[in-house]
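Raw upload.pdb, PDB, C-alpha atoms, pLDDT in the B column:
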ATOM      1  CA  MET A  75      19.068  -9.403  -9.789  1.00 68.00           C
ATOM      2  CA  PRO A  76      16.939  -7.385  -7.322  1.00 87.00           C
ATOM      3  CA  ASN A  77      14.669  -9.147  -4.859  1.00 96.00           C
ATOM      4  CA  PHE A  78      11.511  -7.858  -3.230  1.00 98.00           C
ATOM      5  CA  SER A  79       8.396  -8.801  -1.273  1.00 98.00           C
ATOM      6  CA  ILE A  80       4.860  -7.938  -2.390  1.00 98.00           C
ATOM      7  CA  VAL A  81       2.360  -7.453   0.444  1.00 98.00           C
ATOM      8  CA  ILE A  82      -1.385  -7.303  -0.214  1.00 98.00           C
ATOM      9  CA  PRO A  83      -3.991  -6.867   2.548  1.00 98.00           C
ATOM     10  CA  LEU A  84      -7.352  -8.496   1.833  1.00 97.00           C
ATOM     11  CA  TYR A  85     -10.779  -7.993   3.315  1.00 96.00           C
ATOM     12  CA  ASN A  86     -13.624  -9.674   1.412  1.00 95.00           C
ATOM     13  CA  GLU A  87     -11.888  -9.533  -1.970  1.00 94.00           C
ATOM     14  CA  SER A  88     -12.291 -13.181  -3.008  1.00 93.00           C
ATOM     15  CA  THR A  89     -13.456 -12.435  -6.555  1.00 92.00           C
ATOM     16  CA  ASN A  90     -10.847  -9.757  -7.181  1.00 95.00           C
ATOM     17  CA  ILE A  91      -7.857 -11.631  -5.762  1.00 96.00           C
ATOM     18  CA  GLU A  92      -8.545 -14.674  -7.942  1.00 94.00           C
ATOM     19  CA  LYS A  93      -7.926 -12.509 -10.999  1.00 95.00           C
ATOM     20  CA  LEU A  94      -5.240 -10.271  -9.472  1.00 97.00           C
ATOM     21  CA  VAL A  95      -2.708 -12.919  -8.435  1.00 98.00           C
ATOM     22  CA  PRO A  96      -2.208 -14.334 -11.980  1.00 97.00           C
ATOM     23  CA  GLU A  97      -1.903 -10.755 -13.264  1.00 97.00           C
ATOM     24  CA  ILE A  98       0.855 -10.040 -10.756  1.00 98.00           C
ATOM     25  CA  PHE A  99       2.934 -13.076 -11.703  1.00 98.00           C
ATOM     26  CA  HIS A 100       2.427 -12.362 -15.410  1.00 97.00           C
ATOM     27  CA  SER A 101       3.622  -8.763 -14.963  1.00 97.00           C
ATOM     28  CA  LEU A 102       6.830  -9.848 -13.207  1.00 97.00           C
ATOM     29  CA  THR A 103       8.196 -12.387 -15.692  1.00 95.00           C
ATOM     30  CA  LYS A 104      11.535 -10.554 -15.965  1.00 94.00           C
ATOM     31  CA  TYR A 105      12.143 -10.886 -12.222  1.00 95.00           C
ATOM     32  CA  GLN A 106      13.354 -14.088 -10.619  1.00 90.00           C
ATOM     33  CA  LYS A 107      13.565 -13.619  -6.877  1.00 95.00           C
ATOM     34  CA  TYR A 108      10.496 -12.238  -5.163  1.00 98.00           C
ATOM     35  CA  GLU A 109       7.686 -13.359  -2.903  1.00 98.00           C
ATOM     36  CA  LEU A 110       3.971 -12.649  -2.712  1.00 98.00           C
ATOM     37  CA  ILE A 111       2.391 -12.290   0.731  1.00 98.00           C
ATOM     38  CA  LEU A 112      -1.394 -12.176   1.091  1.00 98.00           C
ATOM     39  CA  VAL A 113      -2.791 -11.031   4.430  1.00 98.00           C
ATOM     40  CA  ASN A 114      -6.405 -12.073   4.941  1.00 98.00           C
ATOM     41  CA  ASP A 115      -7.814  -9.543   7.373  1.00 97.00           C
ATOM     42  CA  GLY A 116     -10.659 -11.523   8.935  1.00 96.00           C
ATOM     43  CA  SER A 117     -12.680 -11.786   5.720  1.00 96.00           C
ATOM     44  CA  ASN A 118     -16.190 -13.206   6.151  1.00 95.00           C
ATOM     45  CA  ASP A 119     -16.603 -14.220   2.510  1.00 94.00           C
ATOM     46  CA  ASN A 120     -14.820 -17.164   0.852  1.00 95.00           C
ATOM     47  CA  THR A 121     -11.432 -15.440   0.550  1.00 96.00           C
ATOM     48  CA  LEU A 122      -9.590 -18.270   2.324  1.00 96.00           C
ATOM     49  CA  GLU A 123     -11.103 -20.885   0.025  1.00 97.00           C
ATOM     50  CA  VAL A 124     -10.154 -18.880  -3.046  1.00 97.00           C
ATOM     51  CA  ILE A 125      -6.581 -18.430  -1.811  1.00 97.00           C
ATOM     52  CA  ALA A 126      -6.297 -22.178  -1.183  1.00 97.00           C
ATOM     53  CA  LYS A 127      -7.302 -22.712  -4.808  1.00 96.00           C
ATOM     54  CA  ILE A 128      -4.805 -20.100  -6.052  1.00 97.00           C
ATOM     55  CA  LYS A 129      -1.965 -21.692  -4.074  1.00 96.00           C
ATOM     56  CA  LYS A 130      -2.253 -24.829  -6.190  1.00 96.00           C
ATOM     57  CA  ASN A 131      -0.839 -22.888  -9.139  1.00 96.00           C
ATOM     58  CA  TYR A 132       1.090 -19.981  -7.620  1.00 97.00           C
ATOM     59  CA  SER A 133       3.667 -19.777  -4.862  1.00 96.00           C
ATOM     60  CA  LEU A 134       2.566 -17.400  -2.107  1.00 98.00           C
ATOM     61  CA  LEU A 135       2.535 -16.949   1.652  1.00 98.00           C
ATOM     62  CA  LEU A 136      -0.813 -16.562   3.399  1.00 98.00           C
ATOM     63  CA  ILE A 137      -1.119 -14.741   6.718  1.00 98.00           C
ATOM     64  CA  ASN A 138      -4.542 -14.999   8.301  1.00 97.00           C
ATOM     65  CA  ASN A 139      -5.924 -12.539  10.842  1.00 97.00           C
ATOM     66  CA  GLU A 140      -8.680 -14.389  12.686  1.00 95.00           C
ATOM     67  CA  THR A 141     -10.517 -11.069  13.150  1.00 96.00           C
ATOM     68  CA  ASN A 142     -10.480  -7.813  11.212  1.00 96.00           C
ATOM     69  CA  LYS A 143      -7.423  -5.849  12.375  1.00 96.00           C
ATOM     70  CA  GLY A 144      -7.382  -3.100   9.755  1.00 94.00           C
ATOM     71  CA  GLN A 145      -5.348  -2.327   6.676  1.00 95.00           C
ATOM     72  CA  SER A 146      -2.362  -0.804   8.473  1.00 96.00           C
ATOM     73  CA  PHE A 147      -1.999  -3.765  10.830  1.00 97.00           C
ATOM     74  CA  SER A 148      -2.256  -6.224   7.930  1.00 98.00           C
ATOM     75  CA  ILE A 149       0.405  -4.415   5.898  1.00 98.00           C
ATOM     76  CA  TRP A 150       2.672  -4.080   8.944  1.00 98.00           C
ATOM     77  CA  THR A 151       2.269  -7.793   9.760  1.00 98.00           C
ATOM     78  CA  GLY A 152       3.027  -8.844   6.193  1.00 98.00           C
ATOM     79  CA  ILE A 153       6.117  -6.647   6.049  1.00 98.00           C
ATOM     80  CA  LYS A 154       7.422  -7.965   9.371  1.00 98.00           C
ATOM     81  CA  LYS A 155       7.203 -11.524   8.013  1.00 98.00           C
ATOM     82  CA  SER A 156       8.734 -10.675   4.624  1.00 98.00           C
ATOM     83  CA  ASN A 157      12.149 -12.011   3.594  1.00 98.00           C
ATOM     84  CA  TYR A 158      13.395  -9.058   1.561  1.00 98.00           C
ATOM     85  CA  ASN A 159      14.201  -5.442   2.322  1.00 98.00           C
ATOM     86  CA  THR A 160      12.379  -3.980  -0.682  1.00 98.00           C
ATOM     87  CA  ILE A 161       8.610  -3.914  -0.191  1.00 98.00           C
ATOM     88  CA  VAL A 162       5.883  -3.524  -2.799  1.00 98.00           C
ATOM     89  CA  THR A 163       2.328  -2.852  -1.615  1.00 98.00           C
ATOM     90  CA  LEU A 164      -0.909  -2.695  -3.568  1.00 97.00           C
ATOM     91  CA  ASP A 165      -4.618  -3.119  -2.873  1.00 94.00           C
ATOM     92  CA  GLY A 166      -6.412  -6.423  -3.283  1.00 95.00           C
ATOM     93  CA  ASP A 167      -9.398  -4.868  -5.051  1.00 92.00           C
ATOM     94  CA  GLY A 168      -7.749  -4.996  -8.478  1.00 93.00           C
ATOM     95  CA  GLN A 169      -7.856  -1.236  -9.051  1.00 92.00           C
ATOM     96  CA  ASN A 170      -4.059  -0.983  -8.965  1.00 95.00           C
ATOM     97  CA  ASN A 171      -2.705  -2.335 -12.259  1.00 96.00           C
ATOM     98  CA  PRO A 172       0.086  -4.918 -11.686  1.00 97.00           C
ATOM     99  CA  ASN A 173       1.663  -3.842 -14.977  1.00 97.00           C
ATOM    100  CA  ASP A 174       2.771  -0.681 -13.157  1.00 97.00           C
ATOM    101  CA  ILE A 175       4.819  -2.622 -10.592  1.00 98.00           C
ATOM    102  CA  PRO A 176       7.878  -2.993 -12.888  1.00 97.00           C
ATOM    103  CA  LYS A 177       7.743   0.730 -13.651  1.00 96.00           C
ATOM    104  CA  LEU A 178       8.143   1.582  -9.963  1.00 97.00           C
ATOM    105  CA  LEU A 179      10.672  -1.193  -9.323  1.00 97.00           C
ATOM    106  CA  ASP A 180      12.884  -0.184 -12.250  1.00 95.00           C
ATOM    107  CA  GLU A 181      13.035   3.397 -10.977  1.00 96.00           C
ATOM    108  CA  TYR A 182      13.640   2.224  -7.410  1.00 97.00           C
ATOM    109  CA  PHE A 183      16.516  -0.105  -8.280  1.00 96.00           C
ATOM    110  CA  SER A 184      18.074   1.846 -11.172  1.00 92.00           C
ATOM    111  CA  LYS A 185      19.908   4.596  -9.283  1.00 82.00           C
ATOM    112  CA  LYS A 186      18.859   3.850  -5.703  1.00 89.00           C
ATOM    113  CA  LEU A 187      18.162   7.522  -5.104  1.00 95.00           C
ATOM    114  CA  TYR A 188      14.817   7.046  -3.395  1.00 97.00           C
ATOM    115  CA  SER A 189      13.677   5.216  -0.276  1.00 98.00           C
ATOM    116  CA  LEU A 190      10.038   5.343  -1.362  1.00 98.00           C
ATOM    117  CA  ILE A 191       8.429   5.528  -4.783  1.00 98.00           C
ATOM    118  CA  GLY A 192       4.670   5.890  -4.835  1.00 97.00           C
ATOM    119  CA  GLY A 193       2.017   5.777  -7.494  1.00 96.00           C
ATOM    120  CA  ILE A 194      -0.239   8.686  -8.366  1.00 93.00           C
ATOM    121  CA  ARG A 195      -3.593   7.439  -9.646  1.00 88.00           C
ATOM    122  CA  LYS A 196      -4.147   9.189 -12.955  1.00 83.00           C
ATOM    123  CA  ASN A 197      -7.784   9.373 -14.087  1.00 76.00           C
ATOM    124  CA  ARG A 198      -9.131   7.658 -10.981  1.00 69.00           C
ATOM    125  CA  LYS A 199     -12.068   5.303 -11.534  1.00 62.00           C
ATOM    126  CA  ASP A 200     -13.882   5.907  -8.237  1.00 60.00           C
ATOM    127  CA  ASN A 201     -17.324   7.238  -7.401  1.00 58.00           C
ATOM    128  CA  PHE A 202     -17.919  10.947  -6.810  1.00 52.00           C
ATOM    129  CA  LEU A 203     -18.085  10.681  -2.999  1.00 63.00           C
ATOM    130  CA  LYS A 204     -14.780   8.867  -2.763  1.00 64.00           C
ATOM    131  CA  LEU A 205     -13.079  11.284  -5.159  1.00 59.00           C
ATOM    132  CA  ILE A 206     -14.256  14.353  -3.237  1.00 62.00           C
ATOM    133  CA  SER A 207     -13.460  12.963   0.222  1.00 62.00           C
ATOM    134  CA  SER A 208     -10.025  11.864  -0.980  1.00 67.00           C
ATOM    135  CA  LYS A 209      -9.322  15.269  -2.516  1.00 68.00           C
ATOM    136  CA  ILE A 210     -10.226  17.067   0.718  1.00 66.00           C
ATOM    137  CA  ALA A 211      -8.107  14.674   2.806  1.00 70.00           C
ATOM    138  CA  ASN A 212      -5.126  15.038   0.466  1.00 67.00           C
ATOM    139  CA  GLN A 213      -5.304  18.831   0.517  1.00 70.00           C
ATOM    140  CA  ILE A 214      -5.492  19.029   4.320  1.00 75.00           C
ATOM    141  CA  ARG A 215      -2.694  16.499   4.823  1.00 74.00           C
ATOM    142  CA  SER A 216      -0.401  18.015   2.186  1.00 72.00           C
ATOM    143  CA  PHE A 217      -0.880  21.535   3.566  1.00 74.00           C
ATOM    144  CA  ILE A 218       0.055  20.507   7.106  1.00 82.00           C
ATOM    145  CA  LEU A 219       2.694  17.821   6.517  1.00 86.00           C
ATOM    146  CA  LYS A 220       4.315  19.217   3.334  1.00 83.00           C
ATOM    147  CA  ASP A 221       4.865  15.718   1.926  1.00 89.00           C
ATOM    148  CA  ASN A 222       4.781  16.807  -1.749  1.00 86.00           C
ATOM    149  CA  CYS A 223       2.356  13.990  -2.556  1.00 89.00           C
ATOM    150  CA  VAL A 224      -1.020  14.658  -4.165  1.00 85.00           C
ATOM    151  CA  ASP A 225      -2.254  11.084  -3.747  1.00 86.00           C
ATOM    152  CA  THR A 226      -0.923   9.447  -0.594  1.00 86.00           C
ATOM    153  CA  GLY A 227      -3.907   7.063  -0.692  1.00 85.00           C
ATOM    154  CA  CYS A 228      -2.585   5.167  -3.705  1.00 91.00           C
ATOM    155  CA  SER A 229      -1.606   1.780  -2.268  1.00 94.00           C
ATOM    156  CA  LEU A 230       0.868   0.980  -5.052  1.00 98.00           C
ATOM    157  CA  LYS A 231       4.224   1.811  -3.483  1.00 98.00           C
ATOM    158  CA  VAL A 232       7.790   0.522  -3.355  1.00 98.00           C
ATOM    159  CA  PHE A 233       9.845   1.290  -0.255  1.00 98.00           C
ATOM    160  CA  ASP A 234      12.558   0.267   2.184  1.00 98.00           C
ATOM    161  CA  LYS A 235      11.477  -2.242   4.831  1.00 98.00           C
ATOM    162  CA  GLU A 236      13.927  -1.188   7.544  1.00 98.00           C
ATOM    163  CA  ILE A 237      12.887   2.449   7.314  1.00 98.00           C
ATOM    164  CA  PHE A 238       9.209   1.479   7.404  1.00 98.00           C
ATOM    165  CA  LEU A 239       9.673  -0.624  10.530  1.00 98.00           C
ATOM    166  CA  SER A 240      11.450   2.271  12.253  1.00 97.00           C
ATOM    167  CA  PHE A 241       8.165   4.220  12.298  1.00 98.00           C
ATOM    168  CA  PRO A 242       5.950   3.852  15.397  1.00 97.00           C
ATOM    169  CA  PHE A 243       2.946   1.724  14.473  1.00 97.00           C
ATOM    170  CA  PHE A 244      -0.551   3.216  14.561  1.00 96.00           C
ATOM    171  CA  ASP A 245      -3.828   2.457  12.819  1.00 93.00           C
ATOM    172  CA  GLY A 246      -3.654   4.566   9.661  1.00 92.00           C
ATOM    173  CA  LEU A 247       0.126   4.328   9.254  1.00 95.00           C
ATOM    174  CA  HIS A 248      -0.089   3.183   5.620  1.00 95.00           C
ATOM    175  CA  ARG A 249      -1.804   6.443   4.587  1.00 91.00           C
ATOM    176  CA  PHE A 250       1.104   8.587   5.761  1.00 95.00           C
ATOM    177  CA  LEU A 251       4.153   6.845   4.338  1.00 97.00           C
ATOM    178  CA  PRO A 252       5.142   9.730   1.997  1.00 96.00           C
ATOM    179  CA  ALA A 253       5.052  12.192   4.903  1.00 95.00           C
ATOM    180  CA  LEU A 254       6.938   9.872   7.253  1.00 97.00           C
ATOM    181  CA  PHE A 255       9.681   8.983   4.762  1.00 97.00           C
ATOM    182  CA  LYS A 256      10.154  12.650   3.862  1.00 96.00           C
ATOM    183  CA  GLY A 257       9.936  13.717   7.502  1.00 96.00           C
ATOM    184  CA  PHE A 258      12.675  11.241   8.403  1.00 97.00           C
ATOM    185  CA  GLY A 259      14.934  12.810   5.764  1.00 96.00           C
ATOM    186  CA  LYS A 260      14.480  10.188   3.037  1.00 97.00           C
ATOM    187  CA  ASN A 261      14.081  10.896  -0.687  1.00 97.00           C
ATOM    188  CA  THR A 262      10.714  10.146  -2.263  1.00 97.00           C
ATOM    189  CA  LEU A 263       9.387  10.099  -5.814  1.00 97.00           C
ATOM    190  CA  PHE A 264       5.870   9.826  -7.235  1.00 96.00           C
ATOM    191  CA  ILE A 265       4.933   8.425 -10.644  1.00 96.00           C
ATOM    192  CA  ASN A 266       1.627   8.412 -12.533  1.00 96.00           C
ATOM    193  CA  VAL A 267       0.058   4.959 -12.624  1.00 95.00           C
ATOM    194  CA  ASP A 268      -3.063   3.388 -14.054  1.00 92.00           C
ATOM    195  CA  HIS A 269      -6.253   3.093 -12.009  1.00 86.00           C
ATOM    196  CA  ARG A 270      -8.968   0.623 -12.908  1.00 86.00           C
ATOM    197  CA  PRO A 271     -12.663   0.437 -12.028  1.00 80.00           C
ATOM    198  CA  ARG A 272     -13.637  -1.854  -9.186  1.00 74.00           C
ATOM    199  CA  ILE A 273     -15.163  -4.951 -10.786  1.00 71.00           C
ATOM    200  CA  SER A 274     -16.776  -6.463  -7.698  1.00 67.00           C
ATOM    201  CA  GLY A 275     -17.119  -5.908  -3.964  1.00 57.00           C
ATOM    202  CA  ILE A 276     -17.449  -2.576  -2.199  1.00 58.00           C
ATOM    203  CA  SER A 277     -14.886   0.013  -1.173  1.00 57.00           C
ATOM    204  CA  LYS A 278     -14.015   0.028   2.516  1.00 53.00           C
ATOM    205  CA  TYR A 279     -12.083   3.277   2.626  1.00 47.00           C
ATOM    206  CA  GLY A 280     -12.185   6.910   1.550  1.00 46.00           C
ATOM    207  CA  THR A 281     -15.506   8.247   2.864  1.00 48.00           C
ATOM    208  CA  PHE A 282     -16.211  11.360   4.904  1.00 46.00           C
ATOM    209  CA  ASP A 283     -16.449   9.392   8.153  1.00 53.00           C
ATOM    210  CA  ARG A 284     -12.641   9.089   8.065  1.00 62.00           C
ATOM    211  CA  LEU A 285     -12.091  12.842   8.048  1.00 65.00           C
ATOM    212  CA  TYR A 286     -12.064  13.285  11.827  1.00 67.00           C
ATOM    213  CA  LYS A 287      -9.706  10.360  12.406  1.00 78.00           C
ATOM    214  CA  GLY A 288      -7.558  11.583   9.541  1.00 80.00           C
ATOM    215  CA  ILE A 289      -7.040  14.951  11.227  1.00 83.00           C
ATOM    216  CA  LEU A 290      -6.048  13.248  14.475  1.00 88.00           C
ATOM    217  CA  ASP A 291      -3.610  11.058  12.529  1.00 91.00           C
ATOM    218  CA  ILE A 292      -2.076  14.129  10.863  1.00 91.00           C
ATOM    219  CA  ILE A 293      -1.396  15.581  14.316  1.00 91.00           C
ATOM    220  CA  ARG A 294       0.123  12.237  15.376  1.00 95.00           C
ATOM    221  CA  VAL A 295       2.370  12.066  12.307  1.00 95.00           C
ATOM    222  CA  LYS A 296       3.539  15.638  12.763  1.00 94.00           C
ATOM    223  CA  LYS A 297       4.506  14.779  16.346  1.00 95.00           C
ATOM    224  CA  ILE A 298       6.353  11.609  15.236  1.00 96.00           C
ATOM    225  CA  ILE A 299       8.359  13.603  12.688  1.00 95.00           C
ATOM    226  CA  ARG A 300       9.119  16.373  15.199  1.00 93.00           C
ATOM    227  CA  ASN A 301      10.286  13.864  17.822  1.00 92.00           C
ATOM    228  CA  ASN A 302      12.580  12.183  15.283  1.00 91.00           C
ATOM    229  CA  LYS A 303      14.222  15.501  14.427  1.00 81.00           C
ATOM    230  CA  THR A 304      14.956  16.223  18.085  1.00 76.00           C
ATOM    231  CA  LYS A 305      16.738  12.905  18.712  1.00 65.00           C
TER     232      LYS A 305
END

Same coordinates, now as C-alpha cells:
Amino acid sequence: MPNFSIVIPLYNESTNIEKLVPEIFHSLTKYQKYELILVNDGSNDNTLEVIAKIKKNYSLLLINNETNKGQSFSIWTGIKKSNYNTIVTLDGDGQNNPNDIPKLLDEYFSKKLYSLIGGIRKNRKDNFLKLISSKIANQIRSFILKDNCVDTGCSLKVFDKEIFLSFPFFDGLHRFLPALFKGFGKNTLFINVDHRPRISGISKYGTFDRLYKGILDIIRVKKIIRNNKTK
C-alpha cells in the first residue's frame, strides 16, 4: 500500500482548516499509511487553538512558525520533517477539494511514470483581479520557462520529496515546481481538478504586486535549470 505525507501551510485560516481536515481524512478512507502535517505560518488569529481542538479527533503533526515566514518556507519546512517520500500539498483555504487527492495519487502510484502530478483548477472560483493577475503571470512564466503548465499556482500537487529537496530554496519556490521538475529532466502531468469558492478569510496571494517579484523569480529559476544542465 502506498504511503505519503500531506503538507498544508496555514496563515490565518482557522475557520477553513476546521472544516478541511475532516474532509481530508474522509476522502482518504481507502489509504492506510499517510500523515497530515499542518504548518502554522505565524497566524495572528486563533489558528493554533483550532488545531489543538482538531487534534483531539484527528492524528496530525503541527509545525509552528513563531513569525510569518512565507508559503514556500512553510511548505519546505513541512516536507523536510515528513516521513514519506511522496508529498501531497494543498492550500489551507479550502478551495482545493480533498476529493481530488485520490485522483492525483492513483495516477502517481499506478505506473510511476511521473515525478510530479499537478492540478489544473477548472472553472476557478476567484475574483476578477486574481484571475487576471494569475493569467498574466502564467502566460509570462510559461513562455519563458516552457513548463507546459497553464496553472502552476494550483497548490494541489503530488511529487517526489527527494527531487524537491534537491532544488535550491528561495522564497517563491512552490510556484515554480512544474518548471523545476521539467527542467531537471523529470516527467510531469497535469490533471483538471475542482476549485471551490473561498468561504471565509481573505486571499493572500495572486495580486498584481507580485508581478515584479515573479519576473525576478522566473530569471532565478531559469538560471537554476541552466546550472543543473551544465553539471

(request) Report the residues retrieved by the PyMOL selection byres ((chain A and resi 189) around 9) from the displayed file, expressed as a list in words. (result)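 Expected selection for the PyMOL selection byres ((chain A and resi 189) around 9) here is Tyr182, Lys186, Leu187, Tyr188, Leu190, Ile191, Val232, Phe233, Asp234, Ile237, Phe255, Lys260, Asn261, Thr262 and Leu263 of chain A.
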
(message) One number please: atom CA of Lys93 of chain A to atom CA of Val113 of chain A, in Å, one decimal.
(response)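 Between these atoms lies a distance of 16.3 Å.
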
(request) Starting from the shown file, work through the PyMOL selection byres ((chain A and resi 138) around 12) and note down what comes out as a VMD selection string. (result) chain A and resid 82 to 85 111 to 118 121 to 122 125 135 to 137 139 to 143 147 to 149 151 to 152

(request) Pull the neighbourhood of (8.0, -6.8, -11.4) for me: all residues within 12 Å in file coordinates, counting only C-alpha atoms, as a ChimeraX atom specification. (result) /A:75-80,97-110,160-163,171-183,232

(request) Name the closest residue to Ile218 of chain A among the candidates A:Asp165, A:Asp291, A:Trp150, A:Ser156; distances are taken between atoms, counting all atoms listed in the file. (result)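 Of A:Asp165, A:Asp291, A:Trp150, A:Ser156, the one nearest Ile218 of chain A, counting all atoms listed in the file, is A:Asp291.
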
(request) Check what the PyMOL selection byres ((chain A and resi 292) around 9) selects in the file above and give those residues as JSON, numbers by chain. (result) {"A": [214, 215, 218, 219, 250, 287, 288, 289, 290, 291, 293, 294, 295, 296, 297]}

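Nearest residue to Asn222 of chain A among A:Gly257, A:Pro242, A:Tyr132, A:Val81 is A:Gly257, counting all atoms listed in the file.
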
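For the choices A:Ile91, A:Leu251, A:Leu134, A:Ile299, the atom-to-atom distance to Leu230 of chain A is smallest for A:Leu251 when using all atoms listed in the file.
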
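Atom pair atom CA of His269 of chain A / atom CA of Lys127 of chain A has a distance of 26.8 Å (rounded to one decimal).
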
Give me the residues within 10 Å of Ser229 of chain A as a PDB file with C-alpha atoms, in the coordinates of the input, counting all atoms listed in the file and dropping any in the same chain fewer than 3 places off.
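This is the output file around_19.pdb:
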ATOM      1  CA  ILE A  82      -1.385  -7.303  -0.214  1.00 98.00           C
ATOM      2  CA  VAL A 162       5.883  -3.524  -2.799  1.00 98.00           C
ATOM      3  CA  THR A 163       2.328  -2.852  -1.615  1.00 98.00           C
ATOM      4  CA  LEU A 164      -0.909  -2.695  -3.568  1.00 97.00           C
ATOM      5  CA  ASP A 165      -4.618  -3.119  -2.873  1.00 94.00           C
ATOM      6  CA  GLY A 166      -6.412  -6.423  -3.283  1.00 95.00           C
ATOM      7  CA  GLN A 169      -7.856  -1.236  -9.051  1.00 92.00           C
ATOM      8  CA  ASN A 170      -4.059  -0.983  -8.965  1.00 95.00           C
ATOM      9  CA  GLY A 192       4.670   5.890  -4.835  1.00 97.00           C
ATOM     10  CA  GLY A 193       2.017   5.777  -7.494  1.00 96.00           C
ATOM     11  CA  ILE A 194      -0.239   8.686  -8.366  1.00 93.00           C
ATOM     12  CA  ARG A 195      -3.593   7.439  -9.646  1.00 88.00           C
ATOM     13  CA  ASP A 225      -2.254  11.084  -3.747  1.00 86.00           C
ATOM     14  CA  THR A 226      -0.923   9.447  -0.594  1.00 86.00           C
ATOM     15  CA  VAL A 232       7.790   0.522  -3.355  1.00 98.00           C
ATOM     16  CA  HIS A 248      -0.089   3.183   5.620  1.00 95.00           C
ATOM     17  CA  ARG A 249      -1.804   6.443   4.587  1.00 91.00           C
TER      18      ARG A 249
END

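The two atoms in question, atom CA of Leu94 of chain A and atom CA of Asp119 of chain A, are spaced 17.0 Å apart.
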
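Distance check against Ser146 of chain A using all atoms listed in the file: of A:Asp167, A:Asp245, A:Glu87, A:Glu123, the minimum falls on A:Asp245.
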
(message) With distances taken over all atoms listed in the file, which residue among A:Lys154, A:Ala126, A:Lys185, A:Thr89 lies nearest Phe243 of chain A?
(response)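 Nearest candidate to Phe243 of chain A out of A:Lys154, A:Ala126, A:Lys185, A:Thr89: A:Lys154.
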
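Closest to Lys235 of chain A among A:Asn131, A:Val95, A:Lys155, A:Val124 is A:Lys155, based on all atoms listed in the file.
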